[in-house]
$ cat data.txt   # compact mmCIF, C-alpha atoms and all ligand atoms
# COMPACT_ATOMS: atom_id res chain seq x y z
CA MET A 366 -26.74 120.90 -26.27
CA PRO A 367 -27.39 117.23 -25.30
CA VAL A 368 -30.64 116.04 -26.87
CA THR A 369 -32.17 112.55 -26.74
CA VAL A 370 -34.48 111.34 -29.45
CA GLY A 371 -36.34 108.05 -28.97
CA VAL A 372 -37.90 105.59 -31.36
CA LEU A 373 -40.69 103.41 -29.98
CA ALA A 374 -39.24 99.92 -30.41
CA LEU A 375 -42.15 97.56 -29.77
CA GLN A 376 -42.40 96.24 -33.32
CA GLY A 377 -41.81 97.41 -36.88
CA ALA A 378 -39.16 99.53 -38.58
CA PHE A 379 -37.59 101.14 -35.49
CA PHE A 380 -34.01 100.12 -36.36
CA GLU A 381 -34.29 101.81 -39.76
CA HIS A 382 -35.54 105.02 -38.12
CA VAL A 383 -32.61 105.10 -35.70
CA GLN A 384 -30.16 104.66 -38.60
CA LEU A 385 -31.71 107.44 -40.66
CA LEU A 386 -31.97 109.76 -37.65
CA LYS A 387 -28.23 109.29 -37.09
CA LYS A 388 -27.52 110.02 -40.74
CA ALA A 389 -29.72 113.15 -40.58
CA ALA A 390 -27.96 114.35 -37.40
CA GLU A 391 -24.62 113.97 -39.13
CA GLN A 392 -25.85 115.90 -42.16
CA GLU A 393 -27.15 118.67 -39.90
CA SER A 394 -23.93 118.64 -37.80
CA LEU A 395 -25.92 118.07 -34.60
CA ALA A 396 -23.26 117.20 -32.04
CA GLY A 397 -24.07 115.46 -28.75
CA TRP A 398 -27.39 114.02 -29.90
CA GLU A 399 -28.37 110.55 -28.76
CA PHE A 400 -30.80 108.20 -30.46
CA ILE A 401 -32.34 105.46 -28.34
CA GLU A 402 -34.83 102.62 -28.67
CA VAL A 403 -37.77 103.07 -26.30
CA ARG A 404 -39.52 100.16 -24.58
CA THR A 405 -39.92 101.35 -20.98
CA PRO A 406 -41.29 104.42 -19.20
CA GLN A 407 -37.71 105.20 -17.99
CA GLU A 408 -36.41 105.35 -21.57
CA LEU A 409 -39.39 107.40 -22.64
CA ALA A 410 -38.76 109.91 -19.84
CA GLN A 411 -35.30 110.71 -21.28
CA CYS A 412 -36.68 111.72 -24.68
CA ASP A 413 -36.91 115.23 -26.10
CA GLY A 414 -38.74 113.85 -29.12
CA LEU A 415 -40.26 110.51 -30.12
CA VAL A 416 -40.78 108.60 -33.37
CA LEU A 417 -43.48 105.95 -33.73
CA PRO A 418 -42.39 103.71 -36.61
CA GLY A 419 -44.32 101.87 -39.30
CA GLY A 420 -45.19 98.24 -38.82
CA GLU A 421 -48.37 96.77 -37.38
CA SER A 422 -50.23 99.14 -35.13
CA THR A 423 -52.31 96.43 -33.45
CA THR A 424 -49.18 94.48 -32.46
CA MET A 425 -47.48 97.65 -31.21
CA SER A 426 -50.53 98.44 -29.18
CA LEU A 427 -50.55 94.93 -27.63
CA ASN A 428 -46.77 94.90 -27.02
CA LYS A 429 -46.76 98.15 -25.11
CA GLY A 430 -47.52 96.62 -21.73
CA LYS A 431 -44.48 94.30 -21.84
CA GLY A 432 -41.99 97.03 -20.93
CA GLY A 433 -44.47 98.79 -18.68
CA LEU A 434 -45.45 101.50 -21.19
CA THR A 435 -49.03 102.70 -21.38
CA ASP A 436 -50.81 104.91 -23.92
CA ALA A 437 -51.03 107.54 -21.22
CA ASN A 438 -47.21 107.45 -20.81
CA VAL A 439 -46.67 107.96 -24.52
CA ALA A 440 -49.36 110.63 -24.73
CA THR A 441 -47.67 112.71 -22.00
CA ILE A 442 -44.69 113.39 -24.26
CA GLY A 443 -47.11 115.16 -26.61
CA VAL A 444 -48.83 117.01 -23.80
CA HIS A 445 -45.42 118.37 -22.76
CA ARG A 446 -45.19 119.78 -26.28
CA LYS A 447 -42.29 117.55 -27.23
CA PRO A 448 -42.23 116.67 -30.93
CA VAL A 449 -43.77 113.32 -31.84
CA TRP A 450 -43.70 111.81 -35.33
CA GLY A 451 -45.67 108.78 -36.46
CA THR A 452 -45.04 106.99 -39.74
CA CYS A 453 -47.71 104.68 -41.21
CA ALA A 454 -48.73 102.46 -38.24
CA GLY A 455 -47.35 105.28 -36.06
CA LEU A 456 -49.73 107.74 -37.74
CA ILE A 457 -52.63 105.38 -36.94
CA LEU A 458 -51.63 105.32 -33.25
CA LEU A 459 -51.43 109.13 -33.14
CA ALA A 460 -54.85 109.63 -34.75
CA GLU A 461 -57.81 110.51 -32.57
CA SER A 462 -60.00 108.21 -34.67
CA ALA A 463 -59.30 105.18 -36.86
CA ASN A 464 -61.72 103.17 -38.95
CA LYS A 465 -61.62 99.53 -40.09
CA THR A 466 -60.73 98.61 -36.51
CA LYS A 467 -62.62 96.20 -34.28
CA LYS A 468 -63.90 97.89 -31.13
CA GLY A 469 -61.66 96.87 -28.25
CA GLY A 470 -59.08 95.47 -30.67
CA GLN A 471 -56.73 98.39 -30.71
CA GLU A 472 -55.90 101.34 -28.51
CA LEU A 473 -54.98 104.68 -30.01
CA ILE A 474 -52.64 107.13 -28.33
CA GLY A 475 -54.06 110.19 -30.06
CA GLY A 476 -52.73 113.72 -30.52
CA LEU A 477 -53.83 114.42 -34.09
CA ASP A 478 -57.43 115.51 -34.59
CA VAL A 479 -57.96 113.35 -37.64
CA ARG A 480 -59.68 110.15 -38.67
CA VAL A 481 -57.43 107.75 -40.56
CA ASN A 482 -58.64 105.24 -43.09
CA ARG A 483 -56.53 102.16 -42.46
CA ASN A 484 -55.17 100.10 -45.37
CA HIS A 485 -56.49 102.75 -47.73
CA PHE A 486 -54.69 101.42 -50.79
CA GLY A 487 -55.41 97.76 -50.11
CA ARG A 488 -53.23 94.83 -49.14
CA GLN A 489 -49.50 94.28 -48.86
CA THR A 490 -49.31 93.31 -52.57
CA GLU A 491 -50.78 96.69 -53.48
CA SER A 492 -47.84 98.51 -51.89
CA PHE A 493 -46.20 101.08 -54.11
CA GLN A 494 -43.58 103.80 -54.38
CA ALA A 495 -44.23 107.27 -55.73
CA PRO A 496 -42.02 110.35 -56.08
CA LEU A 497 -43.85 113.05 -54.12
CA GLU A 498 -43.37 116.81 -53.94
CA LEU A 499 -43.12 117.79 -50.27
CA PRO A 500 -43.43 121.58 -50.07
CA PHE A 501 -42.32 121.61 -46.41
CA LEU A 502 -38.85 120.44 -47.49
CA GLY A 503 -38.37 123.80 -49.20
CA GLN A 504 -39.04 125.35 -52.57
CA GLY A 505 -37.52 123.47 -55.44
CA ALA A 506 -36.70 120.41 -53.31
CA ALA A 507 -36.44 117.25 -55.40
CA PRO A 508 -39.46 114.89 -55.08
CA PHE A 509 -39.22 112.49 -52.14
CA PRO A 510 -39.22 108.73 -52.86
CA THR A 511 -42.27 107.80 -50.78
CA VAL A 512 -43.00 104.14 -49.91
CA PHE A 513 -46.59 103.12 -49.13
CA ILE A 514 -47.17 99.72 -47.48
CA ARG A 515 -50.76 99.00 -46.41
CA ALA A 516 -50.78 102.68 -45.67
CA PRO A 517 -53.46 104.74 -43.96
CA ILE A 518 -54.51 108.15 -45.23
CA VAL A 519 -56.14 111.01 -43.32
CA GLU A 520 -59.73 110.87 -44.52
CA ARG A 521 -61.17 113.51 -42.20
CA ILE A 522 -59.86 116.42 -40.18
CA LEU A 523 -62.00 116.37 -37.07
CA PRO A 524 -63.75 119.56 -35.99
CA HIS A 525 -63.14 120.74 -32.45
CA HIS A 526 -66.71 120.64 -31.21
CA LYS A 527 -67.82 118.86 -28.07
CA GLY A 528 -69.16 115.40 -28.66
CA ILE A 529 -67.00 114.70 -31.71
CA GLN A 530 -65.51 111.67 -29.96
CA THR A 531 -68.97 110.19 -29.39
CA GLU A 532 -69.93 110.84 -33.02
CA GLU A 533 -66.78 109.11 -34.19
CA VAL A 534 -67.04 106.13 -31.88
CA ASN A 535 -70.64 105.56 -32.98
CA LEU A 536 -69.41 104.90 -36.52
CA GLU A 537 -69.02 101.30 -37.57
CA GLU A 538 -65.60 99.69 -36.87
CA THR A 539 -64.17 103.00 -35.66
CA VAL A 540 -62.17 103.50 -32.48
CA VAL A 541 -61.15 106.77 -30.79
CA ALA A 542 -58.26 107.74 -28.53
CA PRO A 543 -59.02 108.66 -24.93
CA SER A 544 -56.56 111.58 -25.04
CA ARG A 545 -59.06 114.40 -25.60
CA GLN A 546 -61.01 113.39 -22.52
CA ALA A 547 -58.22 114.79 -20.35
CA LYS A 548 -59.06 118.14 -18.77
CA GLY A 549 -56.87 121.06 -17.79
CA PRO A 550 -54.63 123.67 -19.43
CA ALA A 551 -52.25 121.21 -21.14
CA ALA A 552 -55.12 119.37 -22.82
CA GLU A 553 -56.66 122.67 -23.88
CA ALA A 554 -53.38 123.93 -25.33
CA ALA A 555 -53.04 120.73 -27.35
CA THR A 556 -56.44 121.17 -29.00
CA ALA A 557 -55.83 124.87 -29.69
CA ASP A 558 -53.52 123.89 -32.57
CA HIS A 559 -55.06 123.20 -35.93
CA VAL A 560 -54.30 120.34 -38.24
CA GLU A 561 -52.19 121.46 -41.16
CA VAL A 562 -52.07 119.37 -44.32
CA LEU A 563 -48.41 119.10 -45.35
CA ALA A 564 -48.71 116.77 -48.35
CA THR A 565 -51.27 115.10 -50.58
CA LEU A 566 -50.91 112.28 -53.06
CA SER A 567 -52.84 112.75 -56.27
CA ARG A 568 -55.28 109.92 -56.74
CA PRO A 569 -54.08 108.97 -60.22
CA ALA A 570 -50.55 108.52 -58.86
CA SER A 571 -51.76 106.06 -56.25
CA VAL A 572 -54.24 104.36 -58.58
CA ILE A 573 -51.70 103.98 -61.37
CA ALA A 574 -49.21 102.58 -58.90
CA THR A 575 -51.66 100.02 -57.53
CA GLN A 576 -53.94 99.29 -60.50
CA GLY A 577 -51.90 100.42 -63.48
CA ARG A 578 -54.58 102.54 -65.13
CA ASP A 579 -55.16 106.16 -65.86
CA LEU A 580 -57.97 108.44 -64.70
CA SER A 581 -59.36 111.66 -66.10
CA PRO A 582 -57.80 114.84 -64.66
CA GLU A 583 -61.08 116.03 -63.10
CA LYS A 584 -60.95 113.00 -60.79
CA GLU A 585 -57.62 114.19 -59.45
CA LEU A 586 -58.46 114.52 -55.77
CA GLY A 587 -55.63 114.39 -53.32
CA ASP A 588 -55.27 111.87 -50.52
CA ILE A 589 -53.85 113.51 -47.37
CA VAL A 590 -50.57 111.73 -46.56
CA ALA A 591 -48.76 114.15 -44.21
CA VAL A 592 -50.20 116.32 -41.43
CA GLN A 593 -48.97 118.35 -38.51
CA GLN A 594 -50.83 119.66 -35.45
CA GLY A 595 -48.63 121.65 -33.11
CA ASN A 596 -45.82 119.33 -32.04
CA VAL A 597 -47.40 116.20 -33.56
CA PHE A 598 -46.45 115.14 -37.10
CA GLY A 599 -47.71 112.16 -39.10
CA THR A 600 -46.88 110.61 -42.47
CA SER A 601 -48.72 107.77 -44.23
CA PHE A 602 -45.56 106.59 -45.90
CA HIS A 603 -42.19 105.22 -44.70
CA PRO A 604 -39.25 107.64 -45.06
CA GLU A 605 -37.23 105.25 -42.88
CA LEU A 606 -37.24 102.67 -45.69
CA THR A 607 -35.46 104.99 -48.10
CA GLY A 608 -31.89 106.25 -47.82
CA ASP A 609 -33.23 109.79 -48.02
CA ALA A 610 -32.75 111.56 -44.68
CA ARG A 611 -34.36 114.90 -45.63
CA ILE A 612 -37.59 114.44 -43.65
CA HIS A 613 -35.64 113.15 -40.65
CA ALA A 614 -33.38 116.23 -40.87
CA TRP A 615 -36.42 118.53 -41.10
CA TRP A 616 -37.99 116.87 -38.07
CA LEU A 617 -34.75 117.01 -36.03
CA ARG A 618 -34.72 120.77 -36.61
CA GLN A 619 -38.23 120.85 -35.08
CA VAL A 620 -36.94 118.89 -32.07
CA GLN A 621 -34.05 121.34 -31.76
CA ALA A 622 -36.41 124.33 -31.84
CA ALA A 623 -38.67 122.71 -29.22
CA VAL A 624 -35.71 122.03 -26.90
CA LEU A 625 -34.51 125.64 -27.25
CA ARG A 626 -38.05 126.88 -26.48
CA ARG A 627 -38.28 124.68 -23.39
CA ASN A 628 -34.83 125.72 -22.15
CA LYS A 629 -35.79 129.37 -22.55
CA LEU A 630 -38.93 128.82 -20.51
CA GLY A 631 -36.80 127.01 -17.93
CA GLN A 632 -38.93 123.83 -18.06
N1 LIG P 701 -51.88 98.96 -41.99
C1 LIG P 701 -50.95 98.81 -40.92
C2 LIG P 701 -51.65 98.94 -39.57
O1 LIG P 701 -52.82 99.00 -39.49
C3 LIG P 701 -49.84 99.82 -41.03
C4 LIG P 701 -48.90 99.43 -42.12
C5 LIG P 701 -47.52 100.00 -42.02
O2 LIG P 701 -47.09 100.60 -41.03
N2 LIG P 701 -46.78 99.77 -43.06
O3 LIG P 701 -51.01 98.95 -38.57
$ encode --input "data.txt" --output "structure tokens"
Amino acid sequence: MPVTVGVLALQGAFFEHVQLLKKAAEQESLAGWEFIEVRTPQELAQCDGLVLPGGESTTMSLNKGKGGLTDANVATIGVHRKPVWGTCAGLILLAESANKTKKGGQELIGGLDVRVNRNHFGRQTESFQAPLELPFLGQGAAPFPTVFIRAPIVERILPHHKGIQTEEVNLEETVVAPSRQAKGPAAEAATADHVEVLATLSRPASVIATQGRDLSPEKELGDIVAVQQGNVFGTSFHPELTGDARIHAWWLRQVQAAVLRRNKLGQ
């Protein structure tokens, strides 16, 4: 089964994603899979799944036009129910709402009904690594070596009521994606899925990593760092900067399932 997986290559850690996707495909014995860098609408059109890497979301957003890509182009891959995965800056671009963003300064692609809090843990120097249990990798899986670099977290799962976009955009320094304004059956199907929280980071783990101090257990609230809504998946951290291909392998199995579903439906 020939399958093409793309990595948006406008800026950031796209090369690392391609390398780890290839490693994951080898581990999963996926023969005939191709991994390509995506900069143009033609390259995007070949993809059965797309990764949006970590890096700088504002720069990615500004670079898009150079190869002729638009947010609408990228959003269509999600509307066609093809798997899309955003890591860090990629998660910001896939969010329906992002704070700490100047109005007009950044365009979101959307697809995940969440609001992200950008740079949640602070600046570059407050980057950290933490071993994290990821239940979706299977029971008893060893903790994953997560890397957080000026990472966003999901601070709100947005309800599906009308007018939510207006409420969000009225907040200070908050921008929203235009994607939910689309009408028709595809747009409705996309919002029918609910946001599932796949992983949280306990606050002491992140605070200890960044500030080196302990907190009392009752303050142990989790920060949401991995979510999935239908075919759209987002992680706050950077699996592409580790040698660990388990999340990439898990996601490739999702792409495989989506391709099989589409082939069955004859689309
Ligand atoms: N904070 C960055 C942004 O807003 C994302 C950082 C990252 O991808 N490591 O784009």
$ residues_near_point --input "data.txt" --point "(-34.7, 101.4, -44.3)" --cutoff "12 Å" --atoms "all atoms listed in the file" --output "list in words"
Gly377, Ala378, Phe379, Phe380, Glu381, His382, Val383, Gln384, Leu385, Leu386, Lys388, Pro418, Gly419, Thr511, Val512, His603, Pro604, Glu605, Leu606, Thr607, Gly608, Asp609 and Ala610 of chain A
$ closest_atom_pairs --input "data.txt" --of "chain A" --to "ligand LIG 701 (chain P)" --cutoff "10 Å" --atoms "all atoms listed in the file" --output "CSV"
residue,atom,partner,partner_atom,distance
A:Gly377,CA,P:LIG701,O2,7.4
A:Ala378,CA,P:LIG701,O2,8.4
A:Leu417,CA,P:LIG701,O2,9.7
A:Pro418,CA,P:LIG701,O2,7.2
A:Gly419,CA,P:LIG701,O2,3.5
A:Gly420,CA,P:LIG701,O2,3.8
A:Glu421,CA,P:LIG701,O3,3.6
A:Ser422,CA,P:LIG701,O3,3.5
A:Thr423,CA,P:LIG701,O3,5.9
A:Thr424,CA,P:LIG701,O3,7.8
A:Met425,CA,P:LIG701,O3,8.3
A:Ser426,CA,P:LIG701,O3,9.4
A:Gly451,CA,P:LIG701,O2,9.5
A:Thr452,CA,P:LIG701,O2,6.8
A:Cys453,CA,P:LIG701,O2,4.1
A:Ala454,CA,P:LIG701,O2,3.7
A:Gly455,CA,P:LIG701,O2,6.8
A:Leu456,CA,P:LIG701,O2,8.3
A:Ile457,CA,P:LIG701,O3,6.8
A:Leu458,CA,P:LIG701,O3,8.3
A:Ala463,CA,P:LIG701,O1,9.3
A:Asn464,CA,P:LIG701,O1,9.8
A:Lys465,CA,P:LIG701,O1,8.8
A:Thr466,CA,P:LIG701,O1,8.5
A:Gln471,CA,P:LIG701,O1,9.6
A:Val481,CA,P:LIG701,O1,9.9
A:Asn482,CA,P:LIG701,O1,9.3
A:Arg483,CA,P:LIG701,N1,5.7
A:Asn484,CA,P:LIG701,N1,4.9
A:His485,CA,P:LIG701,N1,8.3
A:Phe486,CA,P:LIG701,N1,9.6
A:Gly487,CA,P:LIG701,N1,8.9
A:Arg488,CA,P:LIG701,N1,8.4
A:Gln489,CA,P:LIG701,N2,8.4
A:Ser492,CA,P:LIG701,N2,9.0
A:Val512,CA,P:LIG701,N2,9.0
A:Phe513,CA,P:LIG701,N2,6.9
A:Ile514,CA,P:LIG701,N2,4.4
A:Arg515,CA,P:LIG701,N1,4.6
A:Ala516,CA,P:LIG701,C4,5.2
A:Pro517,CA,P:LIG701,N1,6.3
A:Ser601,CA,P:LIG701,O2,8.0
A:Phe602,CA,P:LIG701,N2,7.5
A:His603,CA,P:LIG701,N2,7.3
$ closest_residue --input "data.txt" --among "A:His526, A:Gly397, A:Ile589, A:Pro510" --to "A:Phe493" --atoms "only C-alpha atoms"
A:Pro510
$ atom_distance --input "data.txt" --atom1 "atom CA of A:Val439" --atom2 "atom CA of A:Met366"
23.8 Å
$ atom_distance --input "data.txt" --atom1 "atom CA of A:Val540" --atom2 "atom CA of A:Glu402"
27.6 Å
$ closest_residue --input "data.txt" --among "A:Asp478, A:Glu537, A:Asp588, A:Glu491" --to "A:His525" --atoms "only C-alpha atoms"
A:Asp478
$ closest_residue --input "data.txt" --among "A:His559, A:Lys527, A:His613, A:Lys468" --to "A:Thr600" --atoms "only C-alpha atoms"
A:His613
$ atom_distance --input "data.txt" --atom1 "atom CA of A:Leu473" --atom2 "atom CA of A:Leu617"
24.4 Å
$ closest_residue --input "data.txt" --among "A:Glu461, A:Ala495, A:Gln407, A:Leu563" --to "A:Thr531" --atoms "all atoms listed in the file"
A:Glu461
$ residues_around --input "data.txt" --residues "A:Phe509" --least-positions-apart "5" --cutoff "8 Å" --atoms "only C-alpha atoms" --output "ChimeraX atom specification"
/A:496-499,609
$ residues_near_point --input "data.txt" --point "(-65.1, 119.0, -38.0)" --cutoff "12 Å" --atoms "all atoms listed in the file" --output "list of chain:residue names"
A:Asp478, A:Val479, A:Arg480, A:Glu520, A:Arg521, A:Ile522, A:Leu523, A:Pro524, A:His525, A:His526, A:Lys527, A:Gly528, A:Ile529, A:Gln530, A:Glu532, A:Glu533, A:His559, A:Val560
$ residues_around --input "data.txt" --residues "A:Leu477" --least-positions-apart "2" --cutoff "7 Å" --atoms "only C-alpha atoms" --output "VMD selection string"
chain A and resid 459 to 461 475 479 594 597
$ closest_residue --input "data.txt" --among "A:Gly432, A:Val562, A:Val620, A:Ala440" --to "A:Pro367" --atoms "all atoms listed in the file"
A:Val620
$ decode --input "data.txt" --residues "stretch 597-608 of chain A" --atoms "all heavy atoms" --output "mmCIF file, in the first residue's frame"
data_model
loop_
_atom_site.group_PDB
_atom_site.id
_atom_site.type_symbol
_atom_site.label_atom_id
_atom_site.label_comp_id
_atom_site.auth_asym_id
_atom_site.auth_seq_id
_atom_site.Cartn_x
_atom_site.Cartn_y
_atom_site.Cartn_z
ATOM 1 N N VAL A 597 -7.178 14.824 14.270
ATOM 2 C CA VAL A 597 -6.170 15.850 14.587
ATOM 3 C C VAL A 597 -5.551 15.581 15.955
ATOM 4 O O VAL A 597 -6.265 15.402 16.945
ATOM 5 C CB VAL A 597 -6.780 17.271 14.547
ATOM 6 C CG1 VAL A 597 -5.676 18.321 14.607
ATOM 7 C CG2 VAL A 597 -7.620 17.473 13.289
ATOM 8 N N PHE A 598 -4.226 15.564 15.996
ATOM 9 C CA PHE A 598 -3.474 15.204 17.200
ATOM 10 C C PHE A 598 -2.482 16.324 17.498
ATOM 11 O O PHE A 598 -1.894 16.895 16.561
ATOM 12 C CB PHE A 598 -2.750 13.883 16.889
ATOM 13 C CG PHE A 598 -1.766 13.393 17.918
ATOM 14 C CD1 PHE A 598 -2.093 13.324 19.263
ATOM 15 C CD2 PHE A 598 -0.497 12.964 17.523
ATOM 16 C CE1 PHE A 598 -1.182 12.836 20.196
ATOM 17 C CE2 PHE A 598 0.426 12.470 18.454
ATOM 18 C CZ PHE A 598 0.075 12.416 19.788
ATOM 19 N N GLY A 599 -2.306 16.659 18.767
ATOM 20 C CA GLY A 599 -1.351 17.721 19.099
ATOM 21 C C GLY A 599 -0.580 17.401 20.358
ATOM 22 O O GLY A 599 -1.146 16.870 21.323
ATOM 23 N N THR A 600 0.727 17.703 20.332
ATOM 24 C CA THR A 600 1.550 17.533 21.538
ATOM 25 C C THR A 600 2.306 18.839 21.813
ATOM 26 O O THR A 600 2.796 19.479 20.880
ATOM 27 C CB THR A 600 2.569 16.385 21.375
ATOM 28 O OG1 THR A 600 3.321 16.576 20.174
ATOM 29 C CG2 THR A 600 1.905 15.029 21.317
ATOM 30 N N SER A 601 2.407 19.189 23.091
ATOM 31 C CA SER A 601 3.133 20.407 23.490
ATOM 32 C C SER A 601 4.630 20.243 23.342
ATOM 33 O O SER A 601 5.355 21.204 23.200
ATOM 34 C CB SER A 601 2.909 20.689 24.983
ATOM 35 O OG SER A 601 1.584 20.861 25.278
ATOM 36 N N PHE A 602 5.069 19.005 23.424
ATOM 37 C CA PHE A 602 6.500 18.724 23.479
ATOM 38 C C PHE A 602 7.008 18.253 22.120
ATOM 39 O O PHE A 602 6.251 18.171 21.149
ATOM 40 C CB PHE A 602 6.786 17.682 24.578
ATOM 41 C CG PHE A 602 5.899 16.476 24.515
ATOM 42 C CD1 PHE A 602 6.253 15.373 23.770
ATOM 43 C CD2 PHE A 602 4.671 16.450 25.183
ATOM 44 C CE1 PHE A 602 5.430 14.265 23.691
ATOM 45 C CE2 PHE A 602 3.840 15.340 25.120
ATOM 46 C CZ PHE A 602 4.220 14.252 24.366
ATOM 47 N N HIS A 603 8.319 17.945 22.061
ATOM 48 C CA HIS A 603 8.997 17.641 20.793
ATOM 49 C C HIS A 603 9.491 16.195 20.724
ATOM 50 O O HIS A 603 10.677 15.961 20.964
ATOM 51 C CB HIS A 603 10.257 18.513 20.663
ATOM 52 C CG HIS A 603 10.003 19.950 20.442
ATOM 53 N ND1 HIS A 603 9.966 20.514 19.194
ATOM 54 C CD2 HIS A 603 9.800 20.966 21.307
ATOM 55 C CE1 HIS A 603 9.748 21.806 19.299
ATOM 56 N NE2 HIS A 603 9.643 22.107 20.572
ATOM 57 N N PRO A 604 8.680 15.236 20.336
ATOM 58 C CA PRO A 604 9.198 13.860 20.216
ATOM 59 C C PRO A 604 10.268 13.756 19.133
ATOM 60 O O PRO A 604 11.115 12.864 19.183
ATOM 61 C CB PRO A 604 7.967 13.040 19.825
ATOM 62 C CG PRO A 604 6.817 13.906 20.082
ATOM 63 C CD PRO A 604 7.272 15.317 20.012
ATOM 64 N N GLU A 605 10.259 14.683 18.185
ATOM 65 C CA GLU A 605 11.219 14.618 17.072
ATOM 66 C C GLU A 605 12.643 14.935 17.532
ATOM 67 O O GLU A 605 13.591 14.702 16.799
ATOM 68 C CB GLU A 605 10.783 15.531 15.916
ATOM 69 C CG GLU A 605 10.994 17.033 16.095
ATOM 70 C CD GLU A 605 9.899 17.727 16.913
ATOM 71 O OE1 GLU A 605 9.143 17.056 17.639
ATOM 72 O OE2 GLU A 605 9.818 18.976 16.828
ATOM 73 N N LEU A 606 12.778 15.511 18.734
ATOM 74 C CA LEU A 606 14.124 15.842 19.216
ATOM 75 C C LEU A 606 14.682 14.759 20.129
ATOM 76 O O LEU A 606 15.692 14.950 20.796
ATOM 77 C CB LEU A 606 14.117 17.206 19.932
ATOM 78 C CG LEU A 606 13.668 18.395 19.088
ATOM 79 C CD1 LEU A 606 13.774 19.696 19.864
ATOM 80 C CD2 LEU A 606 14.480 18.501 17.795
ATOM 81 N N THR A 607 13.996 13.623 20.177
ATOM 82 C CA THR A 607 14.505 12.495 20.954
ATOM 83 C C THR A 607 14.789 11.401 19.919
ATOM 84 O O THR A 607 14.367 11.503 18.784
ATOM 85 C CB THR A 607 13.433 11.964 21.926
ATOM 86 O OG1 THR A 607 12.396 11.332 21.162
ATOM 87 C CG2 THR A 607 12.830 13.082 22.761
ATOM 88 N N GLY A 608 15.466 10.340 20.329
ATOM 89 C CA GLY A 608 15.647 9.239 19.374
ATOM 90 C C GLY A 608 14.500 8.247 19.478
ATOM 91 O O GLY A 608 14.509 7.206 18.814
#
